[in-house]
file protein_0.txt (compact mmCIF, C-alpha atoms and all ligand atoms)
# COMPACT_ATOMS: atom_id res chain seq x y z
CA MET K 8 -15.61 -232.21 42.46
CA ILE K 9 -18.36 -231.78 45.03
CA LEU K 10 -19.58 -228.22 45.11
CA GLN K 11 -22.22 -226.73 47.39
CA ARG K 12 -22.97 -224.01 44.89
CA ARG K 13 -22.74 -224.02 41.10
CA ASN K 14 -23.56 -220.56 39.78
CA SER K 15 -23.86 -221.92 36.26
CA ILE K 16 -27.13 -223.65 37.24
CA LEU K 17 -28.88 -220.32 36.77
CA ARG K 18 -27.29 -219.81 33.35
CA GLN K 19 -27.92 -223.13 31.67
CA SER K 20 -30.85 -222.28 29.42
CA HIS K 21 -32.43 -219.29 27.83
CA ALA K 22 -35.58 -219.97 29.85
CA ILE K 23 -33.74 -219.92 33.18
CA ARG K 24 -31.67 -216.89 32.19
CA SER K 25 -34.81 -215.00 31.29
CA MET K 26 -36.36 -215.93 34.68
CA VAL K 27 -33.46 -214.49 36.64
CA ALA K 28 -32.55 -211.53 34.40
CA GLU K 29 -32.16 -208.47 36.63
CA THR K 30 -32.50 -205.92 33.86
CA VAL K 31 -35.32 -206.03 31.35
CA LEU K 32 -35.79 -203.41 28.65
CA LYS K 33 -39.24 -202.18 27.67
CA PRO K 34 -40.36 -199.78 24.92
CA ALA K 35 -41.34 -196.98 27.33
CA ASP K 36 -37.73 -196.85 28.58
CA PHE K 37 -36.63 -195.11 25.42
CA LEU K 38 -36.69 -191.51 24.23
CA ALA K 39 -36.35 -191.16 20.48
CA PRO K 40 -34.34 -188.11 19.38
CA LEU K 41 -35.64 -186.56 16.15
CA PHE K 42 -33.84 -184.11 13.86
CA ILE K 43 -36.21 -181.77 12.04
CA ASP K 44 -35.62 -179.67 8.93
CA GLU K 45 -37.60 -177.12 6.89
CA GLY K 46 -39.38 -178.22 3.71
CA GLU K 47 -41.76 -180.97 2.72
CA ASN K 48 -41.28 -184.63 2.03
CA ILE K 49 -37.58 -184.40 2.89
CA ALA K 50 -35.50 -187.07 4.60
CA THR K 51 -31.76 -186.53 4.53
CA GLU K 52 -29.49 -189.26 5.83
CA ILE K 53 -26.80 -187.91 8.16
CA ALA K 54 -23.39 -188.85 6.77
CA SER K 55 -21.82 -189.75 10.11
CA MET K 56 -25.02 -191.42 11.38
CA PRO K 57 -25.90 -194.00 8.72
CA GLY K 58 -29.55 -195.06 8.89
CA TYR K 59 -30.53 -191.89 10.76
CA TYR K 60 -32.38 -189.03 9.07
CA ARG K 61 -33.21 -185.38 9.35
CA ARG K 62 -36.82 -184.99 8.26
CA SER K 63 -39.26 -182.25 7.32
CA ILE K 64 -42.25 -181.83 9.65
CA ASP K 65 -44.63 -183.95 7.53
CA LEU K 66 -42.29 -186.95 7.54
CA THR K 67 -41.45 -186.37 11.21
CA VAL K 68 -45.14 -186.67 12.05
CA LYS K 69 -45.29 -189.93 10.11
CA GLU K 70 -42.28 -191.19 12.06
CA VAL K 71 -43.84 -190.18 15.38
CA LYS K 72 -47.02 -192.15 14.55
CA GLU K 73 -44.89 -195.17 13.80
CA LEU K 74 -42.87 -194.76 17.02
CA TRP K 75 -46.08 -194.50 19.04
CA SER K 76 -47.38 -197.72 17.50
CA THR K 77 -44.21 -199.57 18.61
CA GLY K 78 -44.65 -198.49 22.24
CA ILE K 79 -42.21 -195.55 22.33
CA ARG K 80 -43.77 -192.89 24.52
CA SER K 81 -41.46 -189.91 24.14
CA VAL K 82 -39.59 -187.99 21.48
CA LEU K 83 -36.80 -185.47 21.98
CA LEU K 84 -36.85 -182.75 19.34
CA PHE K 85 -33.91 -180.98 17.71
CA ILE K 86 -34.20 -178.62 14.78
CA LYS K 87 -31.81 -177.47 12.07
CA CYS K 88 -32.03 -173.71 11.76
CA LYS K 89 -31.37 -171.98 8.44
CA ASP K 90 -28.09 -170.04 8.36
CA GLU K 91 -29.81 -166.74 7.60
CA TRP K 92 -31.81 -166.98 10.83
CA LYS K 93 -28.79 -167.57 13.05
CA ASP K 94 -27.35 -164.71 15.08
CA ASN K 95 -25.68 -164.06 18.42
CA THR K 96 -28.92 -163.48 20.35
CA GLY K 97 -30.55 -166.76 19.41
CA LYS K 98 -33.86 -164.94 18.94
CA GLU K 99 -35.12 -167.41 16.33
CA ALA K 100 -35.30 -169.87 19.26
CA TRP K 101 -38.44 -168.18 20.62
CA ASN K 102 -40.05 -167.28 17.30
CA LYS K 103 -43.61 -168.48 17.79
CA ASN K 104 -43.69 -169.62 14.18
CA GLY K 105 -40.22 -171.12 14.30
CA LEU K 106 -39.45 -174.64 13.10
CA MET K 107 -39.41 -176.03 16.65
CA GLN K 108 -42.71 -174.41 17.57
CA ARG K 109 -44.39 -175.64 14.35
CA SER K 110 -42.99 -179.13 14.92
CA ILE K 111 -44.29 -179.34 18.48
CA LYS K 112 -47.78 -178.33 17.34
CA ALA K 113 -47.81 -180.73 14.40
CA ILE K 114 -46.72 -183.66 16.56
CA LYS K 115 -49.14 -182.90 19.40
CA ASP K 116 -51.98 -182.50 16.88
CA ALA K 117 -51.22 -185.85 15.26
CA VAL K 118 -50.33 -187.92 18.35
CA PRO K 119 -51.55 -185.97 21.39
CA GLU K 120 -50.43 -188.58 23.90
CA MET K 121 -46.81 -188.69 22.72
CA VAL K 122 -44.64 -187.00 25.35
CA VAL K 123 -42.86 -184.24 23.48
CA MET K 124 -39.55 -183.07 24.92
CA THR K 125 -37.63 -180.22 23.35
CA ASP K 126 -33.95 -179.36 23.34
CA VAL K 127 -33.27 -176.02 24.99
CA ALA K 128 -29.88 -174.50 24.10
CA LEU K 129 -28.86 -171.81 21.66
CA ASP K 130 -26.35 -173.75 19.53
CA PRO K 131 -28.57 -174.52 16.52
CA TYR K 132 -29.54 -170.81 16.42
CA SER K 133 -26.13 -169.33 17.20
CA SER K 134 -23.96 -167.85 14.47
CA TYR K 135 -21.03 -169.03 16.66
CA GLY K 136 -22.38 -172.57 17.16
CA HIS K 137 -22.20 -172.10 20.92
CA ASP K 138 -24.91 -172.94 23.44
CA GLY K 139 -24.97 -169.36 24.69
CA ILE K 140 -24.52 -165.72 23.76
CA VAL K 141 -20.92 -164.79 22.96
CA LYS K 142 -19.14 -161.62 24.15
CA ASP K 143 -15.39 -161.08 23.78
CA ASN K 144 -14.92 -164.76 22.96
CA GLU K 145 -16.72 -165.82 26.11
CA ILE K 146 -20.13 -167.39 26.67
CA VAL K 147 -22.04 -165.02 28.93
CA ASN K 148 -24.04 -167.04 31.42
CA ASP K 149 -26.71 -164.69 32.76
CA GLU K 150 -27.83 -163.19 29.45
CA THR K 151 -27.96 -166.70 28.00
CA VAL K 152 -30.20 -167.86 30.84
CA GLU K 153 -32.66 -165.05 30.02
CA ALA K 154 -32.75 -166.29 26.42
CA LEU K 155 -33.26 -169.90 27.54
CA VAL K 156 -36.23 -168.87 29.68
CA LYS K 157 -37.89 -167.20 26.67
CA MET K 158 -37.14 -170.27 24.59
CA SER K 159 -38.63 -172.62 27.20
CA ILE K 160 -41.81 -170.56 27.58
CA SER K 161 -42.18 -170.51 23.82
CA HIS K 162 -41.87 -174.32 23.66
CA ALA K 163 -44.39 -174.71 26.47
CA THR K 164 -46.76 -172.34 24.66
CA ALA K 165 -46.48 -174.46 21.52
CA GLY K 166 -47.43 -177.53 23.58
CA ALA K 167 -44.18 -179.17 24.71
CA ASP K 168 -44.66 -181.55 27.64
CA PHE K 169 -41.06 -181.23 28.85
CA VAL K 170 -38.31 -178.78 28.07
CA ALA K 171 -34.84 -180.30 28.11
CA PRO K 172 -32.11 -177.72 28.74
CA SER K 173 -28.82 -179.09 27.36
CA ASP K 174 -26.79 -175.90 27.62
CA MET K 175 -25.10 -176.30 31.04
CA MET K 176 -25.42 -172.62 32.02
CA ASP K 177 -25.51 -171.92 35.78
CA GLY K 178 -28.90 -171.29 37.34
CA ARG K 179 -30.93 -172.07 34.25
CA ILE K 180 -33.17 -174.71 35.79
CA GLY K 181 -34.38 -172.38 38.55
CA ALA K 182 -34.86 -169.54 36.10
CA ILE K 183 -36.78 -171.74 33.64
CA ARG K 184 -38.96 -173.13 36.44
CA ASN K 185 -39.80 -169.59 37.61
CA GLY K 186 -40.53 -168.53 34.05
CA LEU K 187 -42.87 -171.46 33.52
CA GLU K 188 -44.66 -170.85 36.83
CA GLU K 189 -45.04 -167.12 36.21
CA ASN K 190 -46.63 -167.86 32.85
CA GLY K 191 -49.05 -170.46 34.13
CA PHE K 192 -47.23 -173.53 32.77
CA THR K 193 -47.69 -175.59 35.89
CA ARG K 194 -47.77 -178.90 34.02
CA THR K 195 -44.65 -178.48 31.93
CA GLY K 196 -41.77 -180.70 33.05
CA ILE K 197 -38.06 -180.04 33.00
CA MET K 198 -35.66 -182.79 32.02
CA SER K 199 -32.30 -181.29 32.82
CA TYR K 200 -29.09 -182.37 31.15
CA SER K 201 -27.53 -182.11 34.60
CA ALA K 202 -24.23 -183.85 34.08
CA LYS K 203 -23.33 -183.11 30.51
CA TYR K 204 -19.69 -183.65 29.72
CA ALA K 205 -17.60 -181.85 27.10
CA SER K 206 -17.32 -184.90 24.88
CA CYS K 207 -15.90 -185.82 21.50
CA PHE K 208 -18.85 -188.19 21.13
CA TYR K 209 -21.15 -185.32 20.06
CA GLY K 210 -19.32 -184.95 16.73
CA PRO K 211 -21.91 -186.61 14.44
CA PHE K 212 -24.79 -184.67 16.07
CA ARG K 213 -23.10 -181.40 15.16
CA ASP K 214 -22.97 -182.65 11.54
CA ALA K 215 -26.68 -183.39 11.72
CA LEU K 216 -27.60 -179.86 12.81
CA ASP K 217 -24.64 -177.98 11.35
CA SER K 218 -23.99 -176.68 14.86
CA ALA K 219 -20.27 -177.22 15.49
CA PRO K 220 -18.70 -174.37 17.51
CA GLY K 221 -17.14 -171.76 15.22
CA PHE K 222 -14.33 -171.04 17.67
CA GLY K 223 -12.91 -172.83 20.69
CA ASP K 224 -14.75 -175.68 22.35
CA LYS K 225 -17.47 -176.12 24.98
CA LYS K 226 -15.17 -176.81 27.93
CA THR K 227 -15.99 -173.57 29.74
CA TYR K 228 -19.59 -174.69 30.26
CA GLN K 229 -19.81 -178.46 29.72
CA MET K 230 -18.14 -180.68 32.32
CA ASP K 231 -14.60 -182.02 32.38
CA TYR K 232 -14.73 -185.78 31.86
CA ALA K 233 -12.12 -186.19 34.59
CA ASN K 234 -14.75 -185.29 37.20
CA ARG K 235 -17.17 -187.33 39.24
CA THR K 236 -18.01 -185.28 42.33
CA GLU K 237 -18.86 -182.34 40.12
CA ALA K 238 -21.55 -184.42 38.41
CA ILE K 239 -23.17 -184.98 41.78
CA LYS K 240 -23.01 -181.28 42.59
CA GLU K 241 -24.55 -180.29 39.24
CA THR K 242 -27.32 -182.88 39.54
CA LEU K 243 -28.30 -182.10 43.13
CA MET K 244 -28.41 -178.38 42.31
CA ASP K 245 -30.66 -178.99 39.30
CA ILE K 246 -33.05 -181.03 41.44
CA GLU K 247 -33.12 -178.28 44.05
CA GLU K 248 -33.85 -175.75 41.31
CA GLY K 249 -36.81 -177.81 40.08
CA ALA K 250 -35.69 -180.47 37.58
CA ASP K 251 -38.23 -183.30 37.28
CA ILE K 252 -35.86 -185.68 35.51
CA VAL K 253 -32.06 -185.47 35.45
CA MET K 254 -29.74 -186.71 32.74
CA ILE K 255 -26.20 -187.96 32.35
CA LYS K 256 -24.64 -187.58 28.94
CA PRO K 257 -22.94 -189.32 27.14
CA ALA K 258 -23.85 -192.78 28.46
CA MET K 259 -21.40 -195.58 27.70
CA ALA K 260 -18.25 -193.84 28.89
CA TYR K 261 -20.11 -192.57 31.99
CA LEU K 262 -21.81 -195.66 33.43
CA ASP K 263 -20.10 -195.04 36.77
CA ILE K 264 -21.68 -191.58 36.96
CA ILE K 265 -25.13 -192.95 36.09
CA ARG K 266 -24.90 -195.48 38.91
CA GLU K 267 -23.59 -193.00 41.42
CA ILE K 268 -26.37 -190.53 40.69
CA LYS K 269 -29.04 -193.23 40.64
CA ASN K 270 -27.94 -194.25 44.13
CA ILE K 271 -28.50 -190.82 45.64
CA VAL K 272 -31.37 -189.06 43.86
CA GLU K 273 -35.12 -189.53 44.14
CA VAL K 274 -36.11 -188.34 40.68
CA PRO K 275 -36.02 -190.42 37.48
CA VAL K 276 -32.54 -190.64 35.95
CA SER K 277 -32.06 -190.58 32.21
CA ALA K 278 -28.97 -191.19 30.10
CA TYR K 279 -28.23 -190.21 26.52
CA GLN K 280 -26.52 -192.70 24.24
CA VAL K 281 -25.19 -189.95 22.00
CA SER K 282 -24.48 -189.67 18.30
CA GLY K 283 -20.84 -190.80 18.56
CA GLU K 284 -21.89 -193.93 20.43
CA TYR K 285 -24.35 -194.69 17.64
CA ALA K 286 -21.71 -193.98 14.99
CA MET K 287 -19.14 -196.28 16.64
CA ILE K 288 -21.49 -199.25 16.66
CA LYS K 289 -22.68 -198.54 13.10
CA ALA K 290 -19.12 -198.19 11.79
CA ALA K 291 -17.84 -201.36 13.43
CA ALA K 292 -20.90 -203.26 12.19
CA LYS K 293 -20.37 -201.99 8.66
CA MET K 294 -16.79 -203.24 8.76
CA GLY K 295 -18.04 -206.62 9.92
CA TRP K 296 -16.18 -206.25 13.20
CA LEU K 297 -19.21 -206.22 15.50
CA ASN K 298 -22.67 -207.73 15.36
CA GLU K 299 -24.84 -204.61 15.36
CA GLU K 300 -27.93 -206.15 16.93
CA LYS K 301 -25.98 -207.71 19.78
CA ALA K 302 -24.04 -204.50 20.37
CA VAL K 303 -27.28 -202.49 20.52
CA LEU K 304 -28.88 -204.87 23.02
CA GLU K 305 -25.79 -205.14 25.19
CA SER K 306 -25.06 -201.41 25.26
CA LEU K 307 -28.64 -200.40 26.09
CA THR K 308 -29.02 -203.12 28.72
CA SER K 309 -25.81 -201.97 30.37
CA ILE K 310 -27.02 -198.36 30.46
CA LYS K 311 -30.23 -199.43 32.17
CA ARG K 312 -28.31 -201.78 34.50
CA ALA K 313 -26.09 -198.84 35.47
CA GLY K 314 -29.21 -197.08 36.72
CA ALA K 315 -30.87 -195.20 33.86
CA ASP K 316 -34.66 -195.22 34.10
CA LEU K 317 -34.91 -193.60 30.68
CA ILE K 318 -32.52 -193.80 27.74
CA ALA K 319 -32.34 -191.44 24.79
CA THR K 320 -30.93 -193.41 21.87
CA TYR K 321 -30.81 -193.29 18.09
CA PHE K 322 -31.43 -197.05 18.23
CA ALA K 323 -34.90 -196.55 19.81
CA LYS K 324 -36.75 -198.06 16.87
CA ASP K 325 -34.21 -200.86 16.37
CA ILE K 326 -34.26 -201.92 19.99
CA ILE K 327 -38.04 -202.34 19.98
CA ARG K 328 -37.71 -204.66 17.02
CA LEU K 329 -34.96 -206.59 18.79
CA LEU K 330 -37.02 -206.96 21.95
CA GLU K 331 -39.89 -208.59 20.06
C1 LIG R 401 -26.80 -179.09 22.10
C2 LIG R 401 -26.79 -180.56 22.19
C3 LIG R 401 -25.77 -181.43 21.81
C4 LIG R 401 -26.28 -182.71 21.96
C5 LIG R 401 -27.58 -182.61 22.45
N1 LIG R 401 -27.88 -181.26 22.61
C6 LIG R 401 -24.44 -181.15 21.25
C7 LIG R 401 -23.47 -180.35 22.00
O1 LIG R 401 -23.61 -180.08 23.19
O2 LIG R 401 -22.51 -179.92 21.36
C8 LIG R 401 -25.52 -183.96 21.61
C9 LIG R 401 -26.34 -185.14 21.23
C10 LIG R 401 -25.61 -186.21 20.51
O3 LIG R 401 -24.39 -186.14 20.27
O4 LIG R 401 -26.26 -187.19 20.17
N2 LIG R 401 -26.73 -178.35 23.23
call {"tool": "encode", "arguments": {"input": "protein_0.txt", "output": "structure tokens"}}
result
Amino acid sequence: MILQRRNSILRQSHAIRSMVAETVLKPADFLAPLFIDEGENIATEIASMPGYYRRSIDLTVKEVKELWSTGIRSVLLFIKCKDEWKDNTGKEAWNKNGLMQRSIKAIKDAVPEMVVMTDVALDPYSSYGHDGIVKDNEIVNDETVEALVKMSISHATAGADFVAPSDMMDGRIGAIRNGLEENGFTRTGIMSYSAKYASCFYGPFRDALDSAPGFGDKKTYQMDYANRTEAIKETLMDIEEGADIVMIKPAMAYLDIIREIKNIVEVPVSAYQVSGEYAMIKAAAKMGWLNEEKAVLESLTSIKRAGADLIATYFAKDIIRLLE
């Protein structure tokens, strides 16, 4: 056969493939989520997230130092609130001596340059396990937004570089931005979970923080996974309201949404490879059905190829090792 063009020429060796690779991962692409618990010298493995731990502040700081040394530049903090401090107002969320606030300070003291992002939503603090305040079995939007503003200001006061609202209430980005401005936090960023879908893939995360909803589900505030246009609407509104970075979550089942948003927005786009995505790869690897390292590389490369500038992933540390 005489061919004018043989596409396989560009695939014939590792050297050539690496020359023409369109997507290249680097350490600063990744946000490392961290689960934080009370106590000292505690690291508890999460049953549905093998190899992933909830740590006390001291061990979290140690982990952050290690992450910094590998080239990771940002951590995304989540805390596990004690049951006796949970209620339906979420007030522990803006306790200036709360676990989140102490964690932010400890991390910024130890590794000042690490970009600290904090989860903003009431679920870990809610006696109902919902992201907002509950009245008559409904999540009340406007009162919740007031709580989220207090929570965000409290995180900024403790030293957070970015607040990351993951609650999906209406109008919260604008309200948080105003709250930050009014209190002089003109350098605090907002990474909005703009298109956050009501997803079964959050299951293991709720085990990690003991934050599963006590009644119903989150479909009245998180998005319906049947929808695409709605993700655009949510994201453009968040940008208008002041989001510095937008996020699509989960990642692997939503690559089309990541690409679509990347094509139309002018702010950095992040994606969250969530707990269930981690658990799937871990479980299949444990069974010997998938090669874990290859699955990690392929999944994260595909998320970046889809258009994510930043990727939150529980494989953050593993991927750095694999890239070396
Ligand atoms: C809480 C929150 C959730 C996640 C991040 N922030 C869970 C939820 O919305 O129920 C999920 C992260 C993961 O599954 O890895 N608002």
call {"tool": "closest_residue", "arguments": {"input": "protein_0.txt", "among": "K:Thr236, K:Ser15, K:Asn298, K:Thr125", "to": "ligand LIG 401 (chain R)", "atoms": "all atoms listed in the file"}}
result
K:Thr125
call {"tool": "closest_residue", "arguments": {"input": "protein_0.txt", "among": "K:Gly186, K:Gly223, K:Pro211, K:Gly58", "to": "Lys293 of chain K", "atoms": "only C-alpha atoms"}}
result
K:Gly58
call {"tool": "atom_distance", "arguments": {"input": "protein_0.txt", "atom1": "atom CA of Ile255 of chain K", "atom2": "atom CA of Ser81 of chain K"}}
result
17.4 Å
call {"tool": "residues_near_point", "arguments": {"input": "protein_0.txt", "point": "(-23.0, -193.1, 7.6)", "cutoff": "12 Å", "atoms": "all atoms listed in the file", "output": "PDB file with C-alpha atoms, in the frame of the given file"}}
result
ATOM      1  CA  THR K  51     -31.760-186.530   4.530  1.00  0.00           C
ATOM      2  CA  GLU K  52     -29.490-189.260   5.830  1.00  0.00           C
ATOM      3  CA  ILE K  53     -26.800-187.910   8.160  1.00  0.00           C
ATOM      4  CA  ALA K  54     -23.390-188.850   6.770  1.00  0.00           C
ATOM      5  CA  SER K  55     -21.820-189.750  10.110  1.00  0.00           C
ATOM      6  CA  MET K  56     -25.020-191.420  11.380  1.00  0.00           C
ATOM      7  CA  PRO K  57     -25.900-194.000   8.720  1.00  0.00           C
ATOM      8  CA  GLY K  58     -29.550-195.060   8.890  1.00  0.00           C
ATOM      9  CA  TYR K  59     -30.530-191.890  10.760  1.00  0.00           C
ATOM     10  CA  TYR K  60     -32.380-189.030   9.070  1.00  0.00           C
ATOM     11  CA  PRO K 211     -21.910-186.610  14.440  1.00  0.00           C
ATOM     12  CA  ASP K 214     -22.970-182.650  11.540  1.00  0.00           C
ATOM     13  CA  ALA K 215     -26.680-183.390  11.720  1.00  0.00           C
ATOM     14  CA  SER K 282     -24.480-189.670  18.300  1.00  0.00           C
ATOM     15  CA  GLY K 283     -20.840-190.800  18.560  1.00  0.00           C
ATOM     16  CA  TYR K 285     -24.350-194.690  17.640  1.00  0.00           C
ATOM     17  CA  ALA K 286     -21.710-193.980  14.990  1.00  0.00           C
ATOM     18  CA  MET K 287     -19.140-196.280  16.640  1.00  0.00           C
ATOM     19  CA  ILE K 288     -21.490-199.250  16.660  1.00  0.00           C
ATOM     20  CA  LYS K 289     -22.680-198.540  13.100  1.00  0.00           C
ATOM     21  CA  ALA K 290     -19.120-198.190  11.790  1.00  0.00           C
ATOM     22  CA  ALA K 291     -17.840-201.360  13.430  1.00  0.00           C
ATOM     23  CA  ALA K 292     -20.900-203.260  12.190  1.00  0.00           C
ATOM     24  CA  LYS K 293     -20.370-201.990   8.660  1.00  0.00           C
ATOM     25  CA  MET K 294     -16.790-203.240   8.760  1.00  0.00           C
TER      26      MET K 294
END
call {"tool": "residues_near_ligand", "arguments": {"input": "protein_0.txt", "ligand": "ligand LIG 401 (chain R)", "cutoff": "10 Å", "atoms": "only C-alpha atoms and all ligand atoms", "output": "NGL selection string"}}
result
:K and (40 or 56 or 83-85 or 125-131 or 136-139 or 171-175 or 200 or 203-216 or 218-220 or 224-225 or 228-229 or 256-257 or 279-286 or 319-321)
call {"tool": "write_last_selection", "arguments": {"input": "protein_0.txt", "atoms": "C-alpha atoms", "output": "short mmCIF file (atom, residue, chain, number, x, y, z; two decimals), in the coordinates of the input"}}
result
data_model
loop_
_atom_site.label_atom_id
_atom_site.label_comp_id
_atom_site.auth_asym_id
_atom_site.auth_seq_id
_atom_site.Cartn_x
_atom_site.Cartn_y
_atom_site.Cartn_z
CA PRO K 40 -34.34 -188.11 19.38
CA MET K 56 -25.02 -191.42 11.38
CA LEU K 83 -36.80 -185.47 21.98
CA LEU K 84 -36.85 -182.75 19.34
CA PHE K 85 -33.91 -180.98 17.71
CA THR K 125 -37.63 -180.22 23.35
CA ASP K 126 -33.95 -179.36 23.34
CA VAL K 127 -33.27 -176.02 24.99
CA ALA K 128 -29.88 -174.50 24.10
CA LEU K 129 -28.86 -171.81 21.66
CA ASP K 130 -26.35 -173.75 19.53
CA PRO K 131 -28.57 -174.52 16.52
CA GLY K 136 -22.38 -172.57 17.16
CA HIS K 137 -22.20 -172.10 20.92
CA ASP K 138 -24.91 -172.94 23.44
CA GLY K 139 -24.97 -169.36 24.69
CA ALA K 171 -34.84 -180.30 28.11
CA PRO K 172 -32.11 -177.72 28.74
CA SER K 173 -28.82 -179.09 27.36
CA ASP K 174 -26.79 -175.90 27.62
CA MET K 175 -25.10 -176.30 31.04
CA TYR K 200 -29.09 -182.37 31.15
CA LYS K 203 -23.33 -183.11 30.51
CA TYR K 204 -19.69 -183.65 29.72
CA ALA K 205 -17.60 -181.85 27.10
CA SER K 206 -17.32 -184.90 24.88
CA CYS K 207 -15.90 -185.82 21.50
CA PHE K 208 -18.85 -188.19 21.13
CA TYR K 209 -21.15 -185.32 20.06
CA GLY K 210 -19.32 -184.95 16.73
CA PRO K 211 -21.91 -186.61 14.44
CA PHE K 212 -24.79 -184.67 16.07
CA ARG K 213 -23.10 -181.40 15.16
CA ASP K 214 -22.97 -182.65 11.54
CA ALA K 215 -26.68 -183.39 11.72
CA LEU K 216 -27.60 -179.86 12.81
CA SER K 218 -23.99 -176.68 14.86
CA ALA K 219 -20.27 -177.22 15.49
CA PRO K 220 -18.70 -174.37 17.51
CA ASP K 224 -14.75 -175.68 22.35
CA LYS K 225 -17.47 -176.12 24.98
CA TYR K 228 -19.59 -174.69 30.26
CA GLN K 229 -19.81 -178.46 29.72
CA LYS K 256 -24.64 -187.58 28.94
CA PRO K 257 -22.94 -189.32 27.14
CA TYR K 279 -28.23 -190.21 26.52
CA GLN K 280 -26.52 -192.70 24.24
CA VAL K 281 -25.19 -189.95 22.00
CA SER K 282 -24.48 -189.67 18.30
CA GLY K 283 -20.84 -190.80 18.56
CA GLU K 284 -21.89 -193.93 20.43
CA TYR K 285 -24.35 -194.69 17.64
CA ALA K 286 -21.71 -193.98 14.99
CA ALA K 319 -32.34 -191.44 24.79
CA THR K 320 -30.93 -193.41 21.87
CA TYR K 321 -30.81 -193.29 18.09
#
